[in-house]
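Input: a single structure, listed below in structure tokens.
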Amino acid sequence: MGSGNRQKLDNPVMEWVDSRLPVFTMMQKEYGVFPTPKNFNYFWNFGAIAMVMLITMIVTGIALAMHYTAHADYAFDSVERIMRDVNGGWLLRYLHANGASFFFIAVYIHIFRGMYYGSYKQPRELLWMLGVLIFLLMMATAFMGYVLPWGQMSFWGATVITNLFSAIPMVGDSIVTLLWGGFSVDNPTLNRFYALHYLLPFVIVGVVFLHVWALHVTGSNNPLGIEPKGPQDTLPFHPYYTMKDTFGLLAFLIVYAAFTFFMPNALGHPDNYIPADPLVTPAHIVPEWYFLPFYAILRAVTFDIGIPFTDIVLIPAKLGGVLAMFGSIAILFVFPFLDKHPVRSSRFRPWYRPALLLFVVTVLVLGVCGGKPAEGFWVPLSQLGTVYYFAFFLVLIPFFNKKEPVLELPPSINDAVLKKNEKAA
Amino acid sequence: MSDDDPNKPRRDFLYLTAAAFGAVGAGSVAWPLINQMNPAADTLALSTTEVNLAPIQEGQAITVMWRGKPVFIRHRTVKEIEEAKAVDLGELRDPETDGARTKEGQEKWLVMVGICTHLGCVPLGQKDADVKGEYDGWFCPCHGSHYDSSGRIRKGPAPTNLAVPEYEFLNDTTIKIG
């Protein structure tokens with residue numbers, strides 16, 4: 001971000017600023033002429049889309065915060081007041097609630113893009129890890145945000161998720177009391193969740209800044225997974241990708257708007273329109289859809305893990321489920337170091353590609369399982385899905401490192417693009 | 001300063017003591033910021049509840065609030081008590097006798113925190129019409145834990161029995177919880 005060899009700007013005011021703080025030079029370098037691989041497909045839109053969703057969430061969130069009351073006695077009513085009395089309050093709240101879902105949609109597609117085209121690989125490991133950190137922060141933020149309306153699902157979701165920490169040996173119960181600020185989920189819990197729900201998005205902004213910074217050091221990956229070799233392989237970011245991103249963004253926003261205006265509660269749960277009642281548990285507690293695969297993994301561990309043929313239990317079922325759930329995210333952090341195969345893009349990985357697509361199917365199936373009661377056929381199905389989730393990282397990837405054939409890659413992006421055009425013509 | 005400098009041990013000592021003091025200082029600043037999240041004095045002040053047991057008929061159960069949590073108080077029938085006492089401790093996940101979960105001479109009263117030890121839902125079984133599970137006690141609808149007529153875990157994912165809070169009989173018909 002240093003000024004480097006700064007070129008004088010024509011406008012005297014801009015030049016005055018730029019010579020003291022080179023913001024215009026930086027924007028020109030990072031977003032104007034920034035050399036970007038010329039073969040991006042629409043999967044490369046989702047970083048920018050996620051950024052727009054983050055901004056949308058912060059803007060609508062700050063507006064909602066002006067009307068919301070973080071108190072167990074008033075929270076539910078203040079949300080209903082936002083819906084009925086505050087000018088445009090219904091719109092702000094529906095934008096915010098559905099915005100969370102669409103932020104996760106964008107981020108899940110963005111993560112899939114990274115996995116499919118090998119964007120996590122050397123030299124972009126840290127870029128990927130910062131991304132996983134953003135994902136984790138998003139999950140914490142979304143969870144605490146869902147508690148704020150203080151409906152039945154808010155209350156019982158908060159109860160179930162905070163109780164996960166009681167599985168930690170020795171200190172679990174003290175940690176849960178510390179999280180609650182009392183002996184159950186109650187007003188102190190709501191207050192602190194509100195404080196943290198307001199704080200964490202700005203932490204996310206900070207990590208996004210680092211994520212983008214790291215991206216601008218290594219440059220973007222691309223669908224071929226080979227590095228640009230010269231100017232013939234790249235295009236300036238503006239106007240080529242500003243336009244492509246804008247087009248993709250508008251298509252995405254149309255779907256977002258359709259949900260917000262025509263089916264604003266389709267992704268929510270009707271029980272959350274019942275005020276929180278600590279004495280009545282809803283018959284069927286489910287988290288928001290974007291947590292369902294992880295919820296299924298949590299519930300898949302229904303057995304104690306111990307030393308065979310003895311009664312000694314090393315990991316009780318409850319702790320096992322919690323470890324599996326947190327492990328399913330933790331394993332993403334180390335993914336760049338598990339996968340040592342030299343080829344990035346799935347286009348040139350005959351074995352990794354079907355394994356990854358099956359992984360995606362598994363996550364979707366786990367999502368369905370997570371939304372069903374933990375009984376009957378859904379339990380073994382969740383267990384099967386959980387086994388494949390971990391086997392993908394811990395069995396298949398190390399196996400591919402050794403055995404998957406290394407195909408010949410195109411000599412350059414330019415070469416591959418020209419060949420494709422010849423074929424099309 | 002090179003490795004064979006005679007002042008090196010002194011310098012190392014200074015580094016270590018400075019770092020140690022820094023760590024203690026950082027810890028003493030961090031602790032109040034963490035501890036403020038623990039239950040406040042007014043929350044702790046709500047931590048005892050007195051309950052009059054006289055109106056509860058045999059076979060009935062009531063739910064009272066204590067520390068923001070539901071507490072189940074069941075006036076057990078003779079059959080329920082006998083069932084609870086007849087269980088072989090060897091087949092329990094969290095072995096505990098019925099006697100250890102009730103007060104001597106007051107075995108008909110079972111007082112427990114009505115929160116499933118799995119993930120904190122409120123089990124069903126307080127009302128006549130409720131599902132009581134396979135062991136004549138309570139059933140948690142969230143993840144399917146069955147508790148017996150002594151509130152002990154018998155089947156399902158919960159790791160331990162329903163907790164018995166600290167309580168005492170002030171007289172034959174009044175208890176103080178907490």
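Labels used: A, B, ... for chains in the order of the structure tokens, numbers from 1 for residues in each chain, and numbers from 1 for ligands as shown.
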Contacts of region 24-40 of chain B within 7 Å, only C-alpha atoms, excl. fewer than 2 positions in-chain, as a PyMOL selection string: (chain A and resi 177-179+181-182) or (chain B and resi 20-22+42-44)
Would you kindly report the residues of chain A within 7 Å of chain B, using only C-alpha atoms, as a VMD selection string? chain A and resid 159 to 160 163 to 164 177 to 179 181 to 184 279 to 281 283 to 285 302 317 to 318 374
Residue subset to file, keeping N, CA and C atoms, as a compact mmCIF listing (two decimals), in the first residue's frame:
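See part-v9.txt below for the written result:
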```txt
# COMPACT_ATOMS: atom_id res chain seq x y z
N THR A 159 -30.21 -22.30 24.06
CA THR A 159 -30.02 -23.26 25.15
C THR A 159 -29.23 -24.48 24.67
N VAL A 160 -29.64 -25.02 23.53
CA VAL A 160 -28.96 -26.23 23.02
C VAL A 160 -27.51 -25.92 22.66
N ASN A 163 -25.31 -25.20 25.65
CA ASN A 163 -25.11 -26.43 26.40
C ASN A 163 -24.05 -27.33 25.77
N LEU A 164 -23.73 -27.09 24.50
CA LEU A 164 -22.66 -27.89 23.87
C LEU A 164 -21.38 -27.78 24.69
N THR A 177 -22.04 -21.46 32.62
CA THR A 177 -22.51 -20.39 33.51
C THR A 177 -21.91 -19.05 33.11
N LEU A 178 -20.64 -19.09 32.73
CA LEU A 178 -19.98 -17.85 32.30
C LEU A 178 -20.63 -17.31 31.03
N LEU A 179 -20.96 -18.20 30.09
CA LEU A 179 -21.60 -17.75 28.85
C LEU A 179 -22.98 -17.18 29.12
N GLY A 181 -24.17 -15.99 32.11
CA GLY A 181 -24.27 -14.94 33.12
C GLY A 181 -25.37 -15.24 34.11
N GLY A 182 -25.67 -16.52 34.30
CA GLY A 182 -26.74 -16.93 35.20
C GLY A 182 -26.79 -18.43 35.19
N PHE A 183 -27.96 -18.99 35.52
CA PHE A 183 -28.07 -20.44 35.60
C PHE A 183 -28.94 -21.00 34.50
N SER A 184 -29.34 -20.15 33.59
CA SER A 184 -30.05 -20.58 32.39
C SER A 184 -29.91 -19.45 31.38
N LEU A 279 -40.28 -22.77 30.05
CA LEU A 279 -40.90 -23.98 30.60
C LEU A 279 -41.39 -24.94 29.52
N VAL A 280 -41.42 -24.49 28.28
CA VAL A 280 -41.93 -25.35 27.22
C VAL A 280 -40.91 -25.45 26.10
N THR A 281 -40.43 -26.66 25.88
CA THR A 281 -39.51 -26.88 24.78
C THR A 281 -40.31 -27.20 23.52
N ALA A 283 -41.39 -29.09 20.23
CA ALA A 283 -41.25 -30.53 20.00
C ALA A 283 -40.02 -30.83 19.16
N HIS A 284 -39.63 -29.91 18.32
CA HIS A 284 -38.59 -30.22 17.35
C HIS A 284 -37.72 -28.98 17.17
N ILE A 285 -36.55 -28.98 17.81
CA ILE A 285 -35.67 -27.82 17.73
C ILE A 285 -34.76 -27.98 16.52
N THR A 302 -23.99 -40.97 18.48
CA THR A 302 -24.99 -41.38 19.47
C THR A 302 -24.43 -42.43 20.42
N ALA A 317 -20.82 -39.85 24.45
CA ALA A 317 -21.48 -39.51 23.18
C ALA A 317 -21.62 -37.99 23.01
N LYS A 318 -21.98 -37.31 24.09
CA LYS A 318 -22.23 -35.87 23.99
C LYS A 318 -20.95 -35.12 23.58
N ALA A 374 -34.09 -36.72 15.18
CA ALA A 374 -32.99 -37.69 15.26
C ALA A 374 -33.56 -39.06 15.61
```
At a cut-off of 7 Å, using only C-alpha atoms, what residues contact region 321-325 of chain A? Leave out same-chain residues fewer than 5 positions from it and give the result as an MDAnalysis selection string. chainID A and resid 164 294 297:301
Show which residues sit within 12 Å of Asp77 (chain A), as a short mmCIF file (atom, residue, chain, number, x, y, z; two decimals) with N, CA, C and O atoms, in the first residue's frame. Count only C-alpha atoms, and ignore same-chain residues fewer than 2 positions away.
```
data_model
loop_
_atom_site.label_atom_id
_atom_site.label_comp_id
_atom_site.auth_asym_id
_atom_site.auth_seq_id
_atom_site.Cartn_x
_atom_site.Cartn_y
_atom_site.Cartn_z
N HIS A 67 -34.03 0.46 16.83
CA HIS A 67 -35.40 0.24 17.31
C HIS A 67 -35.54 -0.97 18.21
O HIS A 67 -36.59 -1.17 18.82
N TYR A 68 -34.48 -1.76 18.30
CA TYR A 68 -34.56 -3.02 19.04
C TYR A 68 -34.27 -2.79 20.51
O TYR A 68 -33.45 -1.93 20.87
N THR A 69 -34.91 -3.54 21.40
CA THR A 69 -34.65 -3.47 22.83
C THR A 69 -34.09 -4.81 23.30
O THR A 69 -34.78 -5.82 23.22
N ALA A 70 -32.87 -4.80 23.80
CA ALA A 70 -32.24 -6.05 24.22
C ALA A 70 -32.58 -6.37 25.66
O ALA A 70 -31.76 -6.25 26.56
N HIS A 71 -33.83 -6.73 25.92
CA HIS A 71 -34.22 -7.15 27.26
C HIS A 71 -35.21 -8.29 27.11
O HIS A 71 -36.10 -8.24 26.26
N ALA A 72 -35.05 -9.30 27.96
CA ALA A 72 -35.88 -10.50 27.83
C ALA A 72 -37.37 -10.17 27.85
O ALA A 72 -38.17 -10.84 27.21
N ASP A 73 -37.77 -9.11 28.57
CA ASP A 73 -39.19 -8.78 28.64
C ASP A 73 -39.69 -8.00 27.43
O ASP A 73 -40.89 -7.93 27.18
N TYR A 74 -38.79 -7.33 26.72
CA TYR A 74 -39.23 -6.42 25.66
C TYR A 74 -38.75 -6.80 24.27
O TYR A 74 -39.23 -6.25 23.28
N ALA A 75 -37.78 -7.72 24.17
CA ALA A 75 -37.14 -7.99 22.88
C ALA A 75 -38.17 -8.45 21.85
O ALA A 75 -38.25 -7.89 20.75
N VAL A 79 -39.35 -6.36 18.43
CA VAL A 79 -39.22 -6.86 17.05
C VAL A 79 -40.58 -6.77 16.35
O VAL A 79 -40.68 -6.36 15.19
N GLU A 80 -41.65 -7.10 17.06
CA GLU A 80 -42.98 -6.98 16.45
C GLU A 80 -43.31 -5.51 16.16
O GLU A 80 -43.97 -5.20 15.17
N ARG A 81 -42.82 -4.62 17.04
CA ARG A 81 -43.04 -3.20 16.78
C ARG A 81 -42.29 -2.78 15.52
O ARG A 81 -42.81 -2.00 14.71
N ILE A 82 -41.07 -3.30 15.35
CA ILE A 82 -40.33 -3.00 14.12
C ILE A 82 -41.16 -3.45 12.91
O ILE A 82 -41.30 -2.74 11.92
N MET A 83 -41.78 -4.63 13.03
CA MET A 83 -42.56 -5.17 11.91
C MET A 83 -43.81 -4.35 11.61
O MET A 83 -44.23 -4.24 10.47
N ARG A 84 -44.44 -3.80 12.64
CA ARG A 84 -45.74 -3.17 12.44
C ARG A 84 -45.70 -1.65 12.42
O ARG A 84 -46.42 -1.01 11.67
N ASP A 85 -44.88 -1.04 13.30
CA ASP A 85 -44.98 0.39 13.51
C ASP A 85 -43.84 1.21 12.93
O ASP A 85 -44.05 2.34 12.51
N LEU A 148 -31.72 -12.94 19.15
CA LEU A 148 -32.22 -11.62 19.54
C LEU A 148 -33.74 -11.46 19.50
O LEU A 148 -34.30 -10.79 20.38
N PRO A 149 -34.48 -12.01 18.53
CA PRO A 149 -35.95 -11.83 18.56
C PRO A 149 -36.62 -12.49 19.76
O PRO A 149 -37.78 -12.21 20.04
N TRP A 150 -35.89 -13.34 20.49
CA TRP A 150 -36.38 -13.95 21.73
C TRP A 150 -37.69 -14.71 21.51
O TRP A 150 -38.61 -14.62 22.31
N GLY A 151 -37.76 -15.43 20.41
CA GLY A 151 -38.86 -16.35 20.19
C GLY A 151 -38.48 -17.72 20.74
O GLY A 151 -37.40 -17.90 21.31
N TYR A 273 -42.09 -17.19 16.06
CA TYR A 273 -43.09 -16.15 16.27
C TYR A 273 -43.88 -16.41 17.56
O TYR A 273 -44.89 -15.75 17.82
N ILE A 274 -43.45 -17.40 18.35
CA ILE A 274 -44.01 -17.61 19.69
C ILE A 274 -42.99 -17.06 20.67
O ILE A 274 -41.81 -17.41 20.58
N PRO A 275 -43.39 -16.19 21.61
CA PRO A 275 -42.41 -15.64 22.55
C PRO A 275 -41.71 -16.74 23.36
O PRO A 275 -42.31 -17.77 23.65
N ALA A 276 -40.45 -16.49 23.69
CA ALA A 276 -39.65 -17.48 24.41
C ALA A 276 -40.33 -17.90 25.71
O ALA A 276 -40.84 -17.06 26.44
#
```
In Å, with one decimal, what is the gap from CA of Lys38 (chain A) to CA of Asn5 (chain A)?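 According to the coordinates, CA of Lys38 (chain A) and CA of Asn5 (chain A) are separated by 26.2 Å.
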Can you pull out every residue within 10 Å of Met115 (chain A), counting only C-alpha atoms, but drop anything in the same chain fewer than 6 positions away, and send it as a list in words?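 Those residues are Ile109, Lys121, Trp128, Phe335, Pro336, Arg344, Ser345, Ser346, Arg353 and Leu356 of chain A.
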To one decimal place, how far is CA of Gly268 (chain A) from CA of Tyr290 (chain A) in Å?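 CA of Gly268 (chain A) sits 11.0 Å away from CA of Tyr290 (chain A).
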Which residues in region 33-159 of chain A does DSSP call strand (DSSP E or B)? List them as an MDAnalysis selection string. chainID A and resid 35:37 151
For region 73-88 of chain B, work out the shell of residues within 8 Å, counting only C-alpha atoms and skipping chain neighbours fewer than 5 positions away, then give it as a list in words.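 Residues meeting the cut-off are Ile56, Gln57, Glu58, Gly59, Gln60, Ala61, Ile62, Thr63, Val64, Thr97, Asp98, Gly99, Glu107, Lys108, Trp109, Leu110, Val111, Met112, Gln126, Asp136, Asp148, Ser149 and Ser150 of chain B.
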Kindly save the residues from that selection, with N, CA and C atoms included, as a PDB file, in the first residue's frame.
```pdb
ATOM      1  N   ILE B  56     -50.128 -30.750  46.702  1.00  0.00           N
ATOM      2  CA  ILE B  56     -49.807 -31.695  45.633  1.00  0.00           C
ATOM      3  C   ILE B  56     -50.284 -33.098  46.023  1.00  0.00           C
ATOM      4  N   GLN B  57     -51.270 -33.606  45.288  1.00  0.00           N
ATOM      5  CA  GLN B  57     -51.818 -34.929  45.574  1.00  0.00           C
ATOM      6  C   GLN B  57     -50.872 -36.013  45.077  1.00  0.00           C
ATOM      7  N   GLU B  58     -51.054 -37.213  45.632  1.00  0.00           N
ATOM      8  CA  GLU B  58     -50.257 -38.345  45.180  1.00  0.00           C
ATOM      9  C   GLU B  58     -50.468 -38.549  43.681  1.00  0.00           C
ATOM     10  N   GLY B  59     -49.338 -38.749  42.948  1.00  0.00           N
ATOM     11  CA  GLY B  59     -49.424 -38.936  41.506  1.00  0.00           C
ATOM     12  C   GLY B  59     -49.350 -37.632  40.731  1.00  0.00           C
ATOM     13  N   GLN B  60     -49.454 -36.498  41.458  1.00  0.00           N
ATOM     14  CA  GLN B  60     -49.375 -35.208  40.779  1.00  0.00           C
ATOM     15  C   GLN B  60     -47.941 -34.695  40.764  1.00  0.00           C
ATOM     16  N   ALA B  61     -47.714 -33.749  39.869  1.00  0.00           N
ATOM     17  CA  ALA B  61     -46.398 -33.127  39.824  1.00  0.00           C
ATOM     18  C   ALA B  61     -46.582 -31.645  39.562  1.00  0.00           C
ATOM     19  N   ILE B  62     -45.688 -30.826  40.110  1.00  0.00           N
ATOM     20  CA  ILE B  62     -45.724 -29.406  39.769  1.00  0.00           C
ATOM     21  C   ILE B  62     -44.328 -28.979  39.287  1.00  0.00           C
ATOM     22  N   THR B  63     -44.332 -27.867  38.589  1.00  0.00           N
ATOM     23  CA  THR B  63     -43.071 -27.306  38.102  1.00  0.00           C
ATOM     24  C   THR B  63     -42.926 -25.921  38.711  1.00  0.00           C
ATOM     25  N   VAL B  64     -41.817 -25.678  39.397  1.00  0.00           N
ATOM     26  CA  VAL B  64     -41.573 -24.330  39.928  1.00  0.00           C
ATOM     27  C   VAL B  64     -40.303 -23.792  39.288  1.00  0.00           C
ATOM     28  N   THR B  97     -28.697 -44.860  43.549  1.00  0.00           N
ATOM     29  CA  THR B  97     -29.887 -45.496  44.118  1.00  0.00           C
ATOM     30  C   THR B  97     -30.991 -44.459  44.245  1.00  0.00           C
ATOM     31  N   ASP B  98     -32.229 -44.957  44.322  1.00  0.00           N
ATOM     32  CA  ASP B  98     -33.356 -44.039  44.499  1.00  0.00           C
ATOM     33  C   ASP B  98     -33.197 -43.293  45.823  1.00  0.00           C
ATOM     34  N   GLY B  99     -32.665 -44.000  46.840  1.00  0.00           N
ATOM     35  CA  GLY B  99     -32.483 -43.375  48.149  1.00  0.00           C
ATOM     36  C   GLY B  99     -31.552 -42.171  48.095  1.00  0.00           C
ATOM     37  N   GLU B 107     -39.434 -40.267  50.852  1.00  0.00           N
ATOM     38  CA  GLU B 107     -39.173 -40.882  49.553  1.00  0.00           C
ATOM     39  C   GLU B 107     -40.258 -40.594  48.523  1.00  0.00           C
ATOM     40  N   LYS B 108     -41.462 -40.220  48.998  1.00  0.00           N
ATOM     41  CA  LYS B 108     -42.512 -39.965  48.015  1.00  0.00           C
ATOM     42  C   LYS B 108     -42.254 -38.668  47.234  1.00  0.00           C
ATOM     43  N   TRP B 109     -41.388 -37.804  47.767  1.00  0.00           N
ATOM     44  CA  TRP B 109     -41.114 -36.545  47.064  1.00  0.00           C
ATOM     45  C   TRP B 109     -39.848 -36.665  46.229  1.00  0.00           C
ATOM     46  N   LEU B 110     -39.998 -36.417  44.935  1.00  0.00           N
ATOM     47  CA  LEU B 110     -38.827 -36.382  44.064  1.00  0.00           C
ATOM     48  C   LEU B 110     -38.684 -34.950  43.548  1.00  0.00           C
ATOM     49  N   VAL B 111     -37.542 -34.325  43.840  1.00  0.00           N
ATOM     50  CA  VAL B 111     -37.294 -32.935  43.437  1.00  0.00           C
ATOM     51  C   VAL B 111     -36.090 -32.928  42.501  1.00  0.00           C
ATOM     52  N   MET B 112     -36.278 -32.436  41.282  1.00  0.00           N
ATOM     53  CA  MET B 112     -35.170 -32.450  40.320  1.00  0.00           C
ATOM     54  C   MET B 112     -35.222 -31.207  39.448  1.00  0.00           C
ATOM     55  N   GLN B 126     -44.625 -34.143  33.184  1.00  0.00           N
ATOM     56  CA  GLN B 126     -45.183 -33.487  34.364  1.00  0.00           C
ATOM     57  C   GLN B 126     -46.704 -33.575  34.375  1.00  0.00           C
ATOM     58  N   ASP B 136     -41.855 -44.884  32.893  1.00  0.00           N
ATOM     59  CA  ASP B 136     -42.780 -44.258  33.831  1.00  0.00           C
ATOM     60  C   ASP B 136     -42.242 -42.978  34.461  1.00  0.00           C
ATOM     61  N   ASP B 148     -36.367 -42.542  34.210  1.00  0.00           N
ATOM     62  CA  ASP B 148     -37.291 -43.389  34.963  1.00  0.00           C
ATOM     63  C   ASP B 148     -37.975 -42.614  36.085  1.00  0.00           C
ATOM     64  N   SER B 149     -38.723 -43.315  36.931  1.00  0.00           N
ATOM     65  CA  SER B 149     -39.527 -42.632  37.945  1.00  0.00           C
ATOM     66  C   SER B 149     -38.663 -42.093  39.083  1.00  0.00           C
ATOM     67  N   SER B 150     -37.336 -42.247  38.952  1.00  0.00           N
ATOM     68  CA  SER B 150     -36.440 -41.597  39.886  1.00  0.00           C
ATOM     69  C   SER B 150     -35.638 -40.521  39.149  1.00  0.00           C
TER      70      SER B 150
END
```
